[in-house]
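What follows is a set of notes on a single structure, which appears directly below.
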Amino acid sequence: MSQSVLDLLENGNGYVKVCAPMVRYSKLNFRQLVRSHNVDLCFTPMIIADSFIKSSKARNNEFSTSPEDTPLVVQFASNNHDDFVRATQYVAPHCNGVDLNCGCPQRWAIKEGYGCALLSKQRTHPLLFSLPRTITRILYELPSM
Ligand SMILES: Cc1cc2nc3c(=O)[nH]c(=O)nc-3n(C[C@H](O)[C@H](O)[C@H](O)COP(=O)(O)O)c2cc1C
């Protein structure tokens, strides 16, 4: 049964065991394995929002889940609101939350303005400052997919 992440954090017993996002590793099979060892909350690997929204092939490659794969947070890399929100719309019915990667330190990611590039531009980057308001607006404005 699907479980709210907030419920888990607020009402869990003591420690909440989280399996952090790991590119190449934390796909469905890995999540099933760690859940069988009592992990409470799983993340997907970082998924590039830009390619995810462009192609169903990318979506099928990058994201799969099952009814038991919950609670689940899907992590995206994005450098703009629209990609992040559109990618979120695809996965929203199948997960319990989304996460914007603000920590990936790899050179290619920084070059694209992903991951920790968002933090290094913390004072000026519009994505981080206006994200909550923009997401709310766009999600209400766009028809569901
Ligand atoms: C192979 C590998 C892949 C990772 N991929 C991601 C990722 O996709 N997104 C992310 O936010 N962190 C990623 N990380 C960082 C981990 O989620 C985690 O924050 C880091 O390993 C520190 O974990 P610890 O505090 O349990 O030691 C990755 C780490 C490793 C080792």
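Residues in the structure tokens are named by chain (A, B, ... in the order shown) and by number from 1 within that chain; ligands are numbered from 1 in the order shown.
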Determine which residues of segment 1-144 of chain A DSSP labels as strand (DSSP E) from the backbone of this structure, then write them out as a PyMOL selection string. chain A and resi 18-19+41-48+72-77+97-100
Hey, which residues come within 8 Å of ligand 1 if we count only C-alpha atoms and all ligand atoms? Could you give them as a VMD selection string? chain A and resid 19 to 25 44 to 47 75 101 to 104
Output N, CA and C atoms for every residue in that selection, as a PDB file, in the first residue's frame.
ATOM      1  N   CYS A  19      17.310   4.670   1.530  1.00  0.00           N
ATOM      2  CA  CYS A  19      18.302   4.268   0.529  1.00  0.00           C
ATOM      3  C   CYS A  19      18.470   5.439  -0.438  1.00  0.00           C
ATOM      4  N   ALA A  20      19.618   6.103  -0.340  1.00  0.00           N
ATOM      5  CA  ALA A  20      19.864   7.328  -1.104  1.00  0.00           C
ATOM      6  C   ALA A  20      19.942   7.031  -2.600  1.00  0.00           C
ATOM      7  N   PRO A  21      19.729   8.050  -3.425  1.00  0.00           N
ATOM      8  CA  PRO A  21      19.805   7.836  -4.881  1.00  0.00           C
ATOM      9  C   PRO A  21      21.219   7.500  -5.316  1.00  0.00           C
ATOM     10  N   MET A  22      21.343   6.489  -6.168  1.00  0.00           N
ATOM     11  CA  MET A  22      22.644   6.134  -6.727  1.00  0.00           C
ATOM     12  C   MET A  22      22.494   5.788  -8.198  1.00  0.00           C
ATOM     13  N   VAL A  23      23.091   6.627  -9.033  1.00  0.00           N
ATOM     14  CA  VAL A  23      23.074   6.392 -10.478  1.00  0.00           C
ATOM     15  C   VAL A  23      23.601   4.985 -10.759  1.00  0.00           C
ATOM     16  N   ARG A  24      22.941   4.292 -11.659  1.00  0.00           N
ATOM     17  CA  ARG A  24      23.260   2.930 -12.099  1.00  0.00           C
ATOM     18  C   ARG A  24      22.848   1.852 -11.086  1.00  0.00           C
ATOM     19  N   TYR A  25      22.622   2.208  -9.833  1.00  0.00           N
ATOM     20  CA  TYR A  25      22.345   1.167  -8.840  1.00  0.00           C
ATOM     21  C   TYR A  25      20.899   1.133  -8.371  1.00  0.00           C
ATOM     22  N   THR A  44      14.969   6.824  -6.479  1.00  0.00           N
ATOM     23  CA  THR A  44      15.478   6.331  -7.766  1.00  0.00           C
ATOM     24  C   THR A  44      16.863   6.933  -7.975  1.00  0.00           C
ATOM     25  N   PRO A  45      17.597   6.440  -8.967  1.00  0.00           N
ATOM     26  CA  PRO A  45      18.808   7.162  -9.365  1.00  0.00           C
ATOM     27  C   PRO A  45      18.413   8.520  -9.943  1.00  0.00           C
ATOM     28  N   MET A  46      19.372   9.411 -10.075  1.00  0.00           N
ATOM     29  CA  MET A  46      19.121  10.695 -10.726  1.00  0.00           C
ATOM     30  C   MET A  46      18.721  10.458 -12.189  1.00  0.00           C
ATOM     31  N   ILE A  47      17.613  11.074 -12.577  1.00  0.00           N
ATOM     32  CA  ILE A  47      17.104  10.949 -13.948  1.00  0.00           C
ATOM     33  C   ILE A  47      17.154  12.338 -14.590  1.00  0.00           C
ATOM     34  N   GLN A  75      14.201  11.057  -8.236  1.00  0.00           N
ATOM     35  CA  GLN A  75      15.110  12.200  -8.283  1.00  0.00           C
ATOM     36  C   GLN A  75      15.378  12.620  -9.727  1.00  0.00           C
ATOM     37  N   ASN A 101      17.933  17.158  -7.793  1.00  0.00           N
ATOM     38  CA  ASN A 101      19.332  16.943  -7.419  1.00  0.00           C
ATOM     39  C   ASN A 101      20.058  18.288  -7.364  1.00  0.00           C
ATOM     40  N   CYS A 102      20.574  18.606  -6.196  1.00  0.00           N
ATOM     41  CA  CYS A 102      21.349  19.846  -6.020  1.00  0.00           C
ATOM     42  C   CYS A 102      22.749  19.507  -5.529  1.00  0.00           C
ATOM     43  N   GLY A 103      23.196  18.254  -5.748  1.00  0.00           N
ATOM     44  CA  GLY A 103      24.479  17.878  -5.158  1.00  0.00           C
ATOM     45  C   GLY A 103      25.449  17.217  -6.107  1.00  0.00           C
ATOM     46  N   CYS A 104      24.983  16.803  -7.305  1.00  0.00           N
ATOM     47  CA  CYS A 104      25.882  16.055  -8.193  1.00  0.00           C
ATOM     48  C   CYS A 104      27.087  16.931  -8.560  1.00  0.00           C
TER      49      CYS A 104
END
Find the residues near segment 84-96 of chain A: any atom within 9 Å, counting only C-alpha atoms, skip ones fewer than 4 places away on the same chain, and give them as JSON, numbers by chain. {"A": [2, 3, 4, 5, 48, 49, 50, 52, 53, 59, 63, 65, 66, 67, 69, 70, 71, 72, 73, 74, 76, 77, 78, 79, 80, 100, 134, 135, 138, 139, 144, 145]}
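Taking atom CA of Thr136 of chain A and atom CA of Leu118 of chain A as the two end points, the separation is 20.2 Å.
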